[in-house]
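One structure below.
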Amino acid sequence: MNRAYRIVVVEDSETQAFKLRLLLEEQGWQVTVSGTAEGALVALNDSLPDLILVDYNLPGMRGDDFCRRIRMNLNTRGIPLLMMTGSAPETAEINSLDSGADDYITKFESPEILLLRIRSLLRQTSAPAVTANRSDFPFQRVRMLVIDDSPTYLAFVGDALKSQGYEVEIATSGADGLARIEIQEFDCVLVDLIMPEMDGIEVCCRIAAMKSAKNRPQTVIILTGSEDKNDINRGFEAGADDYISKSSDLAVLRARIQALMRRRFFQDEDGRISEELEAKELEIRNARAGRELAEARATLADELVQVNQDLQEANRKLKETQTQLIQNEKMASLGQLVAGIAHEINNPLAFVLNNLFIVESALEALYPEIEPHLSEPSLKKLGKTRARLGEMREGLDRVKALVLDLRTFSRLDEAEFKTVDVGDTIDTVLLLLKHKMNGRVHVDKHYTGERTLYCYPGKLHQVLMNLVANAIDAIDGDGKIAIATSRTGQFFLISVSDSGTGIPEAIRSKIFDPFFTTKPLGQGTGLGLAISYGIVQDHGGSIEVKSEKGAGTEFIIKIPVDLELQKTT
């Protein structure tokens, strides 16, 4: 732990930020302070730290919203996050952990406890991943072992964890627990600190000493009723990943377990993706080496010219396959995160809508009875109250519509042909890109004739997202975007035009080439139009561009309307 770790502190209080900087720099760590979440997100584009400490109550973007943004980004989702708070609601710990934080601590805790939790997170990040190869881990079928000598507590915790969907086994002693670990695989072990014969500290030490990656548990949590700092310190030093009081609410226990499982899952996923990318890069290097060798020998015989051309074609297809693979994985990960966020919003939203309906109904029923007994000022107040309830319902309905659009966006990885309403798809895209327009871009929509189309829904959504986002970027200042749909003969047409700067004729023929971009470094990959072109071709259609420099650009998508008939014949 003597490495000079890089730590970012997101704290709006200059006094608190100064204290944290001194404490962390005394450990030999490099510390960067940001007063806002927005500033921290911008700084992450330049370099990634080893850990982030973020305040729950921040001006502008709150700490839990900052966590969600970090977890939704494929590049930053693996960074450990420790949430701090000095004044927050009782649900702040659960909200923080559910939003993506790996740990939570109040500012009233001692500096020693803060450093212990930071070191634990850094140790977990540095540890090799050993989780089972399961595509749905850690959200389903997590296997847990609870070691405790209290039958009452074992039954209580065991039933509570099973109700959350975990597979739970119990052991009544440390020796019994270690024996089970030797022959079975567990993702998480919860062990009581104080037990006869073998206490939780010794159990943690023996687990940490295990050489077999197959049976070594991924995560170890100390359970105790003690608040002694020495006990906490001994637990972390023995290899425990977290410390939870037995008096903690079950919701807190669930949130902390899920946060630890999520961290391991991100480590495994990042490792797997890195291995796949390295393998692909090796294949590309091998293909390039073969091509260069063929080019060197091409002068010896005319027959080698054809060999060289074949190698070039193979290399091009390999790059396209790699590009599509990376894009699909990004969309799948983003869709999973968005679906989870939409689900978490939907539950409290339904609760509020139901209660609002009950309040409105009760008020309408009571109004005729109480109206004759109220004074004129009271009647005015009652009228304003009814109007406010109506405004509340309108706002909640807008939130409900946004949740539905988020669910639609989370299904971007759909790989089956379906009949979709193109107008609804366009509306969803515009809603998700509304923040980029920032009130400066006006959108005109013109839907003519039949709006349904048999296609790949997720891929069509991706094409429209790329075209509209490019149209917004092409407009400097105020401007206009026009989106139109129509049917001409055997083709369904979608037109996206803008009043932007246009595309110079010199580069117009290159805009669909992979990795070609006119955007500044770091703002564009050059893959959006190339992927869109491939998707439209997969539908048997075409994409055309009309543009004049300084007079805007129009993209026209043509997709056959008889794709359903072609699929069935």
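Naming works like this for the structure tokens: A, B, ... for the chains as they're shown, residue 1 at the start of each chain, ligands 1 onward in shown order.
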**OP:** Within 9 Å of Asn233 in chain A, counting only C-alpha atoms, which residues show up once you throw out same-chain ones fewer than 5 positions away? Write them as an MDAnalysis selection string, please.
**Re:** chainID A and resid 112:113 116 228 238
Within 8 Å of range 78-82 of chain A, which residues of range 105-198 of chain A come that close, and what is the closest atom pair and distance in Å for each? Count only C-alpha atoms and give it as CSV.
```
residue,atom,partner,partner_atom,distance
A:Ile105,CA,A:Leu82,CA,7.5
A:Ile118,CA,A:Leu82,CA,7.6
A:Leu121,CA,A:Pro80,CA,6.5
A:Leu122,CA,A:Pro80,CA,7.5
A:Thr125,CA,A:Pro80,CA,7.4
```
Residue subset to file, keeping N, CA and C atoms, as an mmCIF file, in the first residue's frame:
```cif
data_model
loop_
_atom_site.group_PDB
_atom_site.id
_atom_site.type_symbol
_atom_site.label_atom_id
_atom_site.label_comp_id
_atom_site.auth_asym_id
_atom_site.auth_seq_id
_atom_site.Cartn_x
_atom_site.Cartn_y
_atom_site.Cartn_z
ATOM 1 N N ILE A 105 -19.355 6.622 4.294
ATOM 2 C CA ILE A 105 -18.858 6.964 5.623
ATOM 3 C C ILE A 105 -19.309 8.375 5.963
ATOM 4 N N ILE A 118 -10.509 3.447 2.868
ATOM 5 C CA ILE A 118 -9.826 3.769 1.609
ATOM 6 C C ILE A 118 -8.839 2.657 1.247
ATOM 7 N N LEU A 121 -10.625 -0.413 -0.118
ATOM 8 C CA LEU A 121 -11.065 -0.275 -1.510
ATOM 9 C C LEU A 121 -9.894 -0.387 -2.473
ATOM 10 N N LEU A 122 -8.756 0.229 -2.110
ATOM 11 C CA LEU A 122 -7.584 0.151 -2.981
ATOM 12 C C LEU A 122 -7.063 -1.281 -3.062
ATOM 13 N N THR A 125 -9.312 -3.299 -5.386
ATOM 14 C CA THR A 125 -9.081 -2.969 -6.796
ATOM 15 C C THR A 125 -7.815 -3.635 -7.319
#
```
**OP:** Can you pull out every residue within 7 Å of range 448-457 of chain A, counting only C-alpha atoms, but drop anything in the same chain fewer than 5 positions away, and send it as a count of residues only?
**Re:** 16
Subject >> strand (DSSP E or B) residues, from DSSP on the backbone, in range 405-505 of chain A, as number ranges by chain >> reply: A: 418-421, 441-447, 452-455, 479-488, 491-498
Subject >> Residue contacts of Tyr166 in chain A (7 Å, only C-alpha atoms) excluding same-chain residues fewer than 4 positions away, as a list in words >> reply: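 Neighbouring residues, sequence-local ones excluded: Arg141, Val142, Arg143, Met144, Leu161 and Lys162 of chain A.
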Subject >> Residue contacts of Val443 in chain A (8 Å, only C-alpha atoms) excluding same-chain residues fewer than 4 positions away, as a PyMOL selection string >> reply: chain A and resi 480-483
Expected file contents, prior selection, N, CA and C atoms, as a PDB file, in the first residue's frame:
```
ATOM      1  N   LYS A 480     -31.844  24.856 -36.810  1.00  0.00           N
ATOM      2  CA  LYS A 480     -33.068  24.090 -37.024  1.00  0.00           C
ATOM      3  C   LYS A 480     -32.715  22.711 -37.573  1.00  0.00           C
ATOM      4  N   ILE A 481     -33.454  21.705 -37.094  1.00  0.00           N
ATOM      5  CA  ILE A 481     -33.351  20.330 -37.601  1.00  0.00           C
ATOM      6  C   ILE A 481     -34.736  19.895 -38.063  1.00  0.00           C
ATOM      7  N   ALA A 482     -34.813  19.298 -39.252  1.00  0.00           N
ATOM      8  CA  ALA A 482     -36.077  18.798 -39.794  1.00  0.00           C
ATOM      9  C   ALA A 482     -35.973  17.282 -39.969  1.00  0.00           C
ATOM     10  N   ILE A 483     -36.966  16.574 -39.430  1.00  0.00           N
ATOM     11  CA  ILE A 483     -37.006  15.109 -39.548  1.00  0.00           C
ATOM     12  C   ILE A 483     -38.331  14.741 -40.219  1.00  0.00           C
TER      13      ILE A 483
END
```
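Ranking A:Ile194, A:Arg254, A:Cys67, A:Gly541 by their shortest atom-to-atom distance to Gly158 in chain A, with only C-alpha atoms included, puts A:Arg254 first.
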Original post:
Quick one: residues within 8 Å of range 92-101 of chain A, only C-alpha atoms counted, chain neighbours fewer than 3 positions away excluded, as a list in words?
Top reply: Tyr56, Gly63, Asp64, Asp65, Cys67, Arg68, Arg71, Pro80, Leu81, Leu82, Met83, Ala88, Pro89, Tyr104, Ala251, Val252, Ala255, Arg256, Gln258 and Ala259 of chain A
Would you put the residues from that selection into a file with C-alpha atoms, as an mmCIF file, in the first residue's frame?
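Dumped everything to selection-v9.cif:
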```cif
data_model
loop_
_atom_site.group_PDB
_atom_site.id
_atom_site.type_symbol
_atom_site.label_atom_id
_atom_site.label_comp_id
_atom_site.auth_asym_id
_atom_site.auth_seq_id
_atom_site.Cartn_x
_atom_site.Cartn_y
_atom_site.Cartn_z
ATOM 1 C CA TYR A 56 -23.158 13.496 -0.892
ATOM 2 C CA GLY A 63 -23.118 12.966 -5.068
ATOM 3 C CA ASP A 64 -25.427 10.029 -5.904
ATOM 4 C CA ASP A 65 -26.093 11.461 -9.391
ATOM 5 C CA CYS A 67 -21.929 8.105 -8.945
ATOM 6 C CA ARG A 68 -24.497 7.082 -11.548
ATOM 7 C CA ARG A 71 -20.908 3.885 -13.444
ATOM 8 C CA PRO A 80 -13.620 2.877 -6.583
ATOM 9 C CA LEU A 81 -16.043 5.462 -5.126
ATOM 10 C CA LEU A 82 -16.293 6.376 -1.432
ATOM 11 C CA MET A 83 -19.288 8.561 -0.508
ATOM 12 C CA ALA A 88 -27.985 13.911 4.830
ATOM 13 C CA PRO A 89 -31.258 11.951 5.230
ATOM 14 C CA TYR A 104 -20.157 5.095 2.583
ATOM 15 C CA ALA A 251 -31.464 -2.576 3.722
ATOM 16 C CA VAL A 252 -27.987 -1.260 4.586
ATOM 17 C CA ALA A 255 -26.825 -2.359 -0.231
ATOM 18 C CA ARG A 256 -23.276 -2.942 1.047
ATOM 19 C CA GLN A 258 -24.504 -5.499 -3.596
ATOM 20 C CA ALA A 259 -21.910 -2.704 -3.801
#
```
Original post:
Which is closest to Glu548 in chain A among A:Glu292, A:Glu505, A:Glu364, A:Asp562, if we use only C-alpha atoms?
Top reply: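 With only C-alpha atoms as the atom set, the closest residue is A:Glu505.
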